[in-house]
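Enquirer: The structure under discussion is supplied below as structure tokens; questions concerning it will follow.
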Amino acid sequence: MGKVNIVAAINQALSQEMERDGDVVLLGEDVGRDGGVFRVTEGLLSKFGPDRVIDTPLSELGIIGAAIGMAAYGLKPVAEIQFMGFIYAGLEQVFSHASRIRSRSRGRYSVPMVIRTPYGIGIKPPELHSESSEALFCHMPGVKVVVPSTPYNAKGLLVSAIRDPDTVIFLEASRLYRSIKADVPDELYSIPLGKADIYQEGKDFTVVSWGTMLHRAAEAAEDFDCEIIDLMTLRPFDEEAVLNSVKKTGRLVIVHEAPRVGGFGAEIAAFAAEEAIGYLKAPVLRVAGPDAVIPMARLEDHYMPSRDRIRKAYETVMSY
Amino acid sequence: MSIARLAAAFNCFLTHNILADRLRYMPIQTIEKFEVKFLQIINEKGEADGSLVSSFTDSDLKKFFETMILARTFNQRALSLQREGRIGTYASILGQEASQIGSALAFGGEDWLFPSFRESGVLIARGYPMWMLYRYWAGDERGMKAPPGVNIFPMSVPVGTHVPHATGAAWAMKLKGHKKAAGVYFGDGGSSKGDFHEGLNFAGVFKVPAVFLCQNNQWAISVPRKRQTAAGTIAQKAYAYGFEGVQVDGNDITAVYRATKDAVDKAKRGEGPTLIECFTYRLDDHTTSDDASRYRSKEEVEEWKGKEPLIRLRLYMEKKGVWTKDYEDAIAKKALESVDAEIKKAEGFTPPDPADIIRYTYAEPTPRQKRELKEFGWEK
């Protein structure tokens, strides 16, 4: 047990799963010699060699497409897409193939791979390095979407993602990579996919969030007696945990940084309306980014839901 | 000497010297060259290259001929079933039998194939049950569940985007130390996709045991081959990825087999991938939903009908004394009987279970899917 950040926790998960399972291979741009642009794969090339930690051409479609073939044949590829904004080039591979090869072949072939990619606002980079497009993948049956929020759950969730028999999109909040340190067991452990974490118990209202915004939503909850759910897996999300909490509190606020329109908060809000309308005392509120593209560094703090905007939503639901 | 004249003289000296330097030290050099080979063993008149054709035994030739007859019979029956409303939209392989069967037979059973949607001939040559293909074209996805031991990926409907999958599978074979190859089929249209580029580029960089089989049938629905690329051949694109590309007469089954077998053997020796362009022709419409007379001339189609693969093989086999009319009548009858039995089996098959819509999304249905199975009445 030692205090580590998310970068180190993910590195541990990769390294230990690779030791345990010789079929796990890493591929992506700069993941080998450079250890990844965030150094997540640091040291793995020297430990596992160039056949298992593979620097690829600059080719997101090629990385995902080749990983599909590798996975179907029997390897467990963990592909890194350098930034979420670059995954768009490979969407066809995810949407038209990875997500449906099991179905297309009626179970004869499957694609057990992980696509890791940093997402979200927070490191003041150039354009398209701060995307938060999780909703695109959440709409696609056949893939799973996982967003860790702490070093502990990053390690445990990644281990489960690698062992999962289907394609998992694993979104790592770039803002959190080095900003939190926490105790992480040295040994391998896994956290099941599809289960949420009750980050904080409370009784007045429920907050559902994930990744970076979970922490801001929790900070904004000072002086409120609310229950905070860290969704962790967005597809399939833990409906039971959300439902139980909403039934208890009667109020729901969803906080995410992605644009509000068509964002994943809409699905959770609709779910609450369908399943828990009789329990709701207040309108379901979403605190999200505006209906606009995510801006570059100078405006990103304005884009991201602020503590004030989140508190205002909390106050609004409590006014009912 | 005035300053102006001095400057002019200096300028002249400078110019002269730079030119001289260039001529002396920096000639333009050719740093890369490539040549594209074209392979044909039996021409459209049935004349063969004696040395190349000698590796084929009578029984090889019969196997080629009989498999092509079987695939053509399957294809003709599929077209009639579509007209009768017994199957849905179907993509005919007429004219491409040699490209498909010659190449498919060159792979071993342990190799993996990644077909596109116009590859019934490939699947039939590899022993894929025809009744399952009919089920598939009738809209029953169970038809794409390859039987155990038949290493064929489901046909890719999105054009060309399955090319990187073969690269990945071949790469996995290499990393696992398995002596196998992966083959992938796509058309001239598919070669325009970025997926083609990225798939071949990876294959070259990582030297994987893959064989890329372009079925250049001259038309991508209504768009001719010249609109897909300004390159003289599709085969030459391989050289940009650092490996060999070859064009073969795609209507000569012996040439297609020879080129593919060489590429498969080379891949298994660890010598990397090959691109094979099978130069052939789609004699039918793109699919049963298309009308090719809108965009190409009768004359062109007629000309290619004379070059189709069965004619030349028949002529050559006849010259060798391997073909007789009775022989062909007998195998045609056998093919028809076998295809009819397969259709009967396909049409007698149980209807698909609506729960299958959900069942194969994930290894295990999600809690929501479990509720949906009940909600829709698909599972009690």
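Labeling convention for the structure tokens: chains A, B, ... as they appear, residues from 1 per chain, ligands from 1 in order of appearance.
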Residues of chain A within 7 Å of chain B, using only C-alpha atoms, as a list of chain:residue names?
Expert: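 The contacting residues on chain A are A:Asp51, A:Ser59, A:Leu61, A:Gly62, A:Gly65, A:Ala66, A:Ala67, A:Ile68, A:Gly69, A:Met70, A:Tyr73, A:Leu75, A:Arg100, A:Arg102, A:Ser103, A:Arg104, A:Ser105, A:Arg106, A:Gly107, A:Arg108, A:Pro141, A:Gly142, A:Pro165, A:Asp166, A:Pro236.
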Enquirer: Among segment 107-167 of chain A, which residues does DSSP mark as strand (DSSP E or B) when it is run on the backbone? Keep the chain and numbering as in the structure and answer as a PyMOL selection string.
Expert: chain A and resi 114-119+143-146+167
Enquirer: Write out as a list in words each polymer residue whose atoms come within 7 Å of Thr287 of chain B, counting only C-alpha atoms; drop sequence neighbours fewer than 3 positions from it.
Expert: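 In the requested format, the answer is Thr89, Tyr90, Ala91, Ser92 and Asp290 of chain B.
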Enquirer: To one decimal place, how far is atom CA of Thr260 of chain B from atom CA of Ala104 of chain B in Å?
Expert: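 Going from atom CA of Thr260 of chain B over to atom CA of Ala104 of chain B covers 8.3 Å.
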Enquirer: Write out as a list in words each polymer residue whose atoms come within 9 Å of Gly22 of chain A, counting only C-alpha atoms; drop sequence neighbours fewer than 2 positions from it.
Expert: Glu17, Met18, Glu19, Arg20, Val24, Val25, Arg52, Leu75 and Lys76 of chain A
Enquirer: Excluding same-chain residues fewer than 6 positions from Lys345 of chain B, what lies within 10 Å of it counting only C-alpha atoms, as a PDB file with all heavy atoms, in the first residue's frame?
Expert:
ATOM      1  N   MET B 130     -23.523 -23.759 -47.543  1.00  0.00           N
ATOM      2  CA  MET B 130     -24.281 -22.862 -48.430  1.00  0.00           C
ATOM      3  C   MET B 130     -25.642 -22.514 -47.848  1.00  0.00           C
ATOM      4  O   MET B 130     -26.145 -21.427 -48.035  1.00  0.00           O
ATOM      5  CB  MET B 130     -24.435 -23.492 -49.817  1.00  0.00           C
ATOM      6  CG  MET B 130     -23.137 -23.503 -50.597  1.00  0.00           C
ATOM      7  SD  MET B 130     -23.344 -24.157 -52.278  1.00  0.00           S
ATOM      8  CE  MET B 130     -23.538 -25.892 -51.946  1.00  0.00           C
ATOM      9  N   TRP B 131     -26.223 -23.447 -47.101  1.00  0.00           N
ATOM     10  CA  TRP B 131     -27.551 -23.143 -46.539  1.00  0.00           C
ATOM     11  C   TRP B 131     -27.451 -21.975 -45.566  1.00  0.00           C
ATOM     12  O   TRP B 131     -28.377 -21.168 -45.470  1.00  0.00           O
ATOM     13  CB  TRP B 131     -28.169 -24.383 -45.889  1.00  0.00           C
ATOM     14  CG  TRP B 131     -27.529 -24.851 -44.609  1.00  0.00           C
ATOM     15  CD1 TRP B 131     -26.496 -25.729 -44.497  1.00  0.00           C
ATOM     16  CD2 TRP B 131     -27.882 -24.460 -43.281  1.00  0.00           C
ATOM     17  NE1 TRP B 131     -26.177 -25.915 -43.179  1.00  0.00           N
ATOM     18  CE2 TRP B 131     -27.020 -25.154 -42.407  1.00  0.00           C
ATOM     19  CE3 TRP B 131     -28.845 -23.609 -42.747  1.00  0.00           C
ATOM     20  CZ2 TRP B 131     -27.082 -25.008 -41.018  1.00  0.00           C
ATOM     21  CZ3 TRP B 131     -28.913 -23.470 -41.365  1.00  0.00           C
ATOM     22  CH2 TRP B 131     -28.034 -24.167 -40.517  1.00  0.00           C
ATOM     23  N   MET B 132     -26.304 -21.857 -44.902  1.00  0.00           N
ATOM     24  CA  MET B 132     -26.131 -20.734 -43.980  1.00  0.00           C
ATOM     25  C   MET B 132     -26.002 -19.409 -44.749  1.00  0.00           C
ATOM     26  O   MET B 132     -26.487 -18.372 -44.304  1.00  0.00           O
ATOM     27  CB  MET B 132     -24.911 -20.952 -43.085  1.00  0.00           C
ATOM     28  CG  MET B 132     -25.143 -22.066 -42.066  1.00  0.00           C
ATOM     29  SD  MET B 132     -23.720 -22.328 -40.988  1.00  0.00           S
ATOM     30  CE  MET B 132     -23.821 -20.885 -39.932  1.00  0.00           C
ATOM     31  N   TYR B 134     -27.421 -18.787 -47.614  1.00  0.00           N
ATOM     32  CA  TYR B 134     -28.792 -18.428 -48.033  1.00  0.00           C
ATOM     33  C   TYR B 134     -29.568 -17.834 -46.858  1.00  0.00           C
ATOM     34  O   TYR B 134     -30.318 -16.873 -47.016  1.00  0.00           O
ATOM     35  CB  TYR B 134     -29.535 -19.643 -48.588  1.00  0.00           C
ATOM     36  CG  TYR B 134     -29.122 -20.023 -49.999  1.00  0.00           C
ATOM     37  CD1 TYR B 134     -28.666 -21.305 -50.310  1.00  0.00           C
ATOM     38  CD2 TYR B 134     -29.201 -19.089 -51.036  1.00  0.00           C
ATOM     39  CE1 TYR B 134     -28.302 -21.651 -51.595  1.00  0.00           C
ATOM     40  CE2 TYR B 134     -28.824 -19.437 -52.329  1.00  0.00           C
ATOM     41  CZ  TYR B 134     -28.381 -20.710 -52.609  1.00  0.00           C
ATOM     42  OH  TYR B 134     -28.020 -21.042 -53.886  1.00  0.00           O
ATOM     43  N   ARG B 135     -29.384 -18.405 -45.667  1.00  0.00           N
ATOM     44  CA  ARG B 135     -30.058 -17.842 -44.495  1.00  0.00           C
ATOM     45  C   ARG B 135     -29.623 -16.389 -44.301  1.00  0.00           C
ATOM     46  O   ARG B 135     -30.413 -15.510 -44.023  1.00  0.00           O
ATOM     47  CB  ARG B 135     -29.708 -18.617 -43.206  1.00  0.00           C
ATOM     48  CG  ARG B 135     -30.327 -19.966 -43.023  1.00  0.00           C
ATOM     49  CD  ARG B 135     -31.809 -20.025 -43.196  1.00  0.00           C
ATOM     50  NE  ARG B 135     -32.553 -19.036 -42.433  1.00  0.00           N
ATOM     51  CZ  ARG B 135     -33.781 -18.614 -42.771  1.00  0.00           C
ATOM     52  NH1 ARG B 135     -34.385 -19.099 -43.837  1.00  0.00           N
ATOM     53  NH2 ARG B 135     -34.405 -17.726 -42.051  1.00  0.00           N
ATOM     54  N   VAL B 339     -27.081 -27.648 -54.386  1.00  0.00           N
ATOM     55  CA  VAL B 339     -27.581 -26.302 -54.058  1.00  0.00           C
ATOM     56  C   VAL B 339     -29.062 -26.367 -53.676  1.00  0.00           C
ATOM     57  O   VAL B 339     -29.485 -25.745 -52.698  1.00  0.00           O
ATOM     58  CB  VAL B 339     -27.329 -25.334 -55.241  1.00  0.00           C
ATOM     59  CG1 VAL B 339     -28.159 -24.067 -55.117  1.00  0.00           C
ATOM     60  CG2 VAL B 339     -25.851 -24.993 -55.339  1.00  0.00           C
TER      61      VAL B 339
END
Enquirer: One decimal, in Å: what's the spacing between atom CA of Pro50 of chain A and atom CA of Pro151 of chain A?
Expert: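 Taking atom CA of Pro50 of chain A as the start and atom CA of Pro151 of chain A as the end point, the length is 27.0 Å.
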Enquirer: Identify, on the basis of only C-alpha atoms, every residue whose closest approach to Leu193 of chain A does not exceed 7 Å; exclude the query and any residue fewer than 4 positions from it along the same chain; express the result as a list in words.
Expert: Leu157, Ser160 and Thr233 of chain A
